[in-house]
Amino acid sequence: MKLAHSFTFLALVSLVTGSPIQQLNTLRLPLERRNNQVDVKGLQAHLAQVSAKYRRGFAAYAVNKGHAHHLSMPASSKTMKRHIGDVPLMAQSVELWYGSIDVGSPAKTFTVSIDTGSTDLFLPSIDCLDSCNGHNRYNPSSSSTAVDLHRDFVLTYGEGEVMGKQFADNVAIGGYEAEGQTLGAATVYSIDFSSENFIPDGLAGFAFESISGYPAPPLFQTLVESGQLQEAVFGVKLSPAPGASELYLGGTNTAQYQQGNLSYTPVTNAGYWEVNLDQISRAGVPVGEPEASSIIDTGTTLIVTNMGNATLYFAGIPGVTSYVEESEVLYSIPCNIIDDYAPTLTFGGRPFTVSGDTFNLGPVEEGSSDCLAGVAGVKDLDFWIVGDVFLQNVYSIFDMGGLRVGFAELV
């Protein structure tokens with residue numbers, strides 16, 4: 001009998017009190033949220049890291065598939081800055097949600113960022129020195145199920161690289177176990193993954209194998225191929241409210257969304273979760289070209305487009321201010337009117353409007369009357385990255401078996 005498990009993403013395991021609650025075939029772990037001040041420099045660094053992530057993914061796709069991805073970005077000459085399974089999610093600032101996994105035999109618990117915009121799983125190695133301080137370290141020599149694959153890896157992130165050695169080991173998430181899962185044991189962490197900048201221990205990608213830098217099947221694909229899941233589907237709810245976010249493995253949590261307005265759209269290229277964005281509009285006025293390519297990415301905070309579309313989006317808004325940093329641009333709008341300019345995104349013929357609460361990222365600085373907006377621009381981007389500013393407003397369904405993405409309004 002195939003079981004379905006539920007698990008909630010954790011922010012910091014050390015902050016969790018009490019025991020997980022288990023009911024029937026559901027394993028639920030508590031969720032907490034860390035509230036950090038959002039600022040221009042932090043978001044600019046985040047955008048640079050996002051650009052580096054996509055360039056790396058496109059490069060891996062070209063190697064793995066033997067041809068360029070149709071959305072490939074030009075190479076950068078600079079180093080970028082950088083009832084079913086239900087797992088509690090945690091937001092660090094507004095930039096990521098993360099949960100817990102157990103690795104090895106005997107199992108050791110780690111926290112990982114859950115990223116649908118990448119594929120590979122990595123953790124800090126016991127051999128990582130100062131750059132991994134503050135993180136739990138993976139020690140393959142302490143696991144009876146660890147296998148040295150005798151392969152190195154290098155992943156470019158922001159201001160540096162994550163590098164180390166590849167191993168295969170057992171990885172458990174939400175009550176399911178992926179045996180022989182390929183993971184990276186990092187001996188060097190870039191500054192982007194220092195404990196001051198990145199609270200989780202590591203990162204788990206939930207996209208497709210074709211963009212793997214290892215290359216190897218991602219964690220979710222390993223679970224699908226093991227036959228444990230009821231469906232090759234996972235559902236995501238993201239929320240700033242404590243205990244309200246979750247990753248649901250093997251199906252969807254129908255208690256979280258309005259089934260009557262569920263809308264699916266097909267994946268157009270199984271590397272990223274890439275789908276057509278019918279239209280994005282502001283106050284009923286379309287912005288950019290219709291039927292644009294978009295990538296659904298839980299690992300990106302903002303809704304990101306190219307510089308031209310970003311300029312069009314904010315054109316004519318009273319009091320708008322731009323913040324340009326080399327290849328990225330952010331915008332602020334007076335806090336008393338910013339809610340009026342939140343976008344509507346249409347997928348599969350159904351419009352979904354972003355709330356003012358999620359579009360408004362907060363004051364530019366303490367005491368400011370201008371607030372940062374949740375749409376940004378990046379140079380050389382020929383697609384939209386649909387990040388958490390949008391995803392907090394919907395229940396998202398990632399169907400690997402049916403190669404489609406679904407959205408529905410939350411209950």
# chains A, B, ... in the order shown; residues from 1 in each chain; ligands from 1

call {"tool": "closest_atom_pairs", "arguments": {"of": "segment 295-365 of chain A", "to": "segment 102-114 of chain A", "cutoff": "12 Å", "atoms": "only C-alpha atoms", "output": "Markdown table"}}
result
| residue | atom | partner | partner_atom | distance |
| --- | --- | --- | --- | --- |
| A:Asp297 | CA | A:Ile114 | CA | 9.7 |
| A:Thr298 | CA | A:Ile114 | CA | 7.0 |
| A:Gly299 | CA | A:Ile114 | CA | 6.8 |
| A:Thr300 | CA | A:Ile114 | CA | 10.5 |

call {"tool": "write_last_selection", "arguments": {"atoms": "all heavy atoms", "output": "PDB file, in the first residue's frame"}}
result
ATOM      1  N   ASP A 297       9.377  29.366  -9.029  1.00  0.00           N
ATOM      2  CA  ASP A 297      10.598  29.205  -8.242  1.00  0.00           C
ATOM      3  C   ASP A 297      10.378  29.596  -6.785  1.00  0.00           C
ATOM      4  O   ASP A 297      10.359  30.775  -6.442  1.00  0.00           O
ATOM      5  CB  ASP A 297      11.699  30.074  -8.867  1.00  0.00           C
ATOM      6  CG  ASP A 297      13.051  29.893  -8.212  1.00  0.00           C
ATOM      7  OD1 ASP A 297      13.153  29.133  -7.231  1.00  0.00           O
ATOM      8  OD2 ASP A 297      14.014  30.519  -8.687  1.00  0.00           O
ATOM      9  N   THR A 298      10.262  28.601  -5.911  1.00  0.00           N
ATOM     10  CA  THR A 298      10.124  28.879  -4.478  1.00  0.00           C
ATOM     11  C   THR A 298      11.396  29.444  -3.871  1.00  0.00           C
ATOM     12  O   THR A 298      11.360  29.991  -2.765  1.00  0.00           O
ATOM     13  CB  THR A 298       9.743  27.596  -3.712  1.00  0.00           C
ATOM     14  OG1 THR A 298      10.782  26.615  -3.891  1.00  0.00           O
ATOM     15  CG2 THR A 298       8.419  27.029  -4.189  1.00  0.00           C
ATOM     16  N   GLY A 299      12.519  29.313  -4.571  1.00  0.00           N
ATOM     17  CA  GLY A 299      13.790  29.810  -4.055  1.00  0.00           C
ATOM     18  C   GLY A 299      14.083  31.251  -4.406  1.00  0.00           C
ATOM     19  O   GLY A 299      15.168  31.754  -4.100  1.00  0.00           O
ATOM     20  N   THR A 300      13.141  31.929  -5.061  1.00  0.00           N
ATOM     21  CA  THR A 300      13.300  33.340  -5.390  1.00  0.00           C
ATOM     22  C   THR A 300      12.219  34.146  -4.671  1.00  0.00           C
ATOM     23  O   THR A 300      11.043  33.792  -4.711  1.00  0.00           O
ATOM     24  CB  THR A 300      13.196  33.564  -6.907  1.00  0.00           C
ATOM     25  OG1 THR A 300      14.306  32.925  -7.550  1.00  0.00           O
ATOM     26  CG2 THR A 300      13.214  35.042  -7.258  1.00  0.00           C
TER      27      THR A 300
END

call {"tool": "select_by_dssp", "arguments": {"residues": "segment 309-348 of chain A", "states": "alpha helix (DSSP H)", "output": "short mmCIF file (atom, residue, chain, number, x, y, z; two decimals) with C-alpha atoms, in the first residue's frame"}}
result
data_model
loop_
_atom_site.label_atom_id
_atom_site.label_comp_id
_atom_site.auth_asym_id
_atom_site.auth_seq_id
_atom_site.Cartn_x
_atom_site.Cartn_y
_atom_site.Cartn_z
CA ASN A 309 9.33 44.95 -18.56
CA ALA A 310 10.21 46.25 -15.10
CA THR A 311 10.35 49.79 -16.46
CA LEU A 312 6.96 49.32 -18.12
CA TYR A 313 5.45 47.89 -14.96
CA PHE A 314 6.34 50.89 -12.80
#

call {"tool": "atom_distance", "arguments": {"atom1": "atom CA of Gly316 of chain A", "atom2": "atom CA of Ile295 of chain A"}}
result
27.4 Å

call {"tool": "closest_atom_pairs", "arguments": {"of": "segment 324-374 of chain A", "to": "segment 231-240 of chain A", "cutoff": "12 Å", "atoms": "only C-alpha atoms", "output": "JSON lines"}}
result
{"residue": "A:Asp357", "atom": "CA", "partner": "A:Pro240", "partner_atom": "CA", "distance": 10.1}
{"residue": "A:Thr358", "atom": "CA", "partner": "A:Pro240", "partner_atom": "CA", "distance": 9.1}
{"residue": "A:Leu361", "atom": "CA", "partner": "A:Pro240", "partner_atom": "CA", "distance": 11.7}

call {"tool": "residues_around", "arguments": {"residues": "Ile317 of chain A", "least_positions_apart": "2", "cutoff": "12 Å", "atoms": "only C-alpha atoms", "output": "list in words"}}
result
Arg282, Ala283, Thr311, Leu312, Tyr313, Phe314, Ala315, Gly319, Val320, Thr321, Ser322, Tyr331, Ser332, Ile333, Pro334, Ile337, Ile338, Asp339, Asp340, Tyr341, Ala342 and Ala373 of chain A

call {"tool": "atom_distance", "arguments": {"atom1": "atom CA of Val304 of chain A", "atom2": "atom CA of Glu365 of chain A"}}
result
21.7 Å

call {"tool": "select_by_dssp", "arguments": {"residues": "segment 169-375 of chain A", "states": "strand (DSSP E)", "output": "number ranges by chain"}}
result
A: 169-173, 176-188, 202-205, 233-237, 246-249, 263-266, 269-270, 273-277, 279-282, 285-287, 292-296, 303-305, 321-325, 328-334, 343-347, 350-353, 360-363, 370-373, 375

call {"tool": "atom_distance", "arguments": {"atom1": "atom CA of Gln256 of chain A", "atom2": "atom CA of Phe398 of chain A"}}
result
15.0 Å

call {"tool": "closest_residue", "arguments": {"among": "A:Asp370, A:Ala204, A:Glu274, A:Val188", "to": "Val40 of chain A", "atoms": "only C-alpha atoms"}}
result
A:Asp370

call {"tool": "closest_residue", "arguments": {"among": "A:Ser245, A:Ser212, A:Ser131, A:Asn269", "to": "Ser118 of chain A", "atoms": "only C-alpha atoms"}}
result
A:Ser212
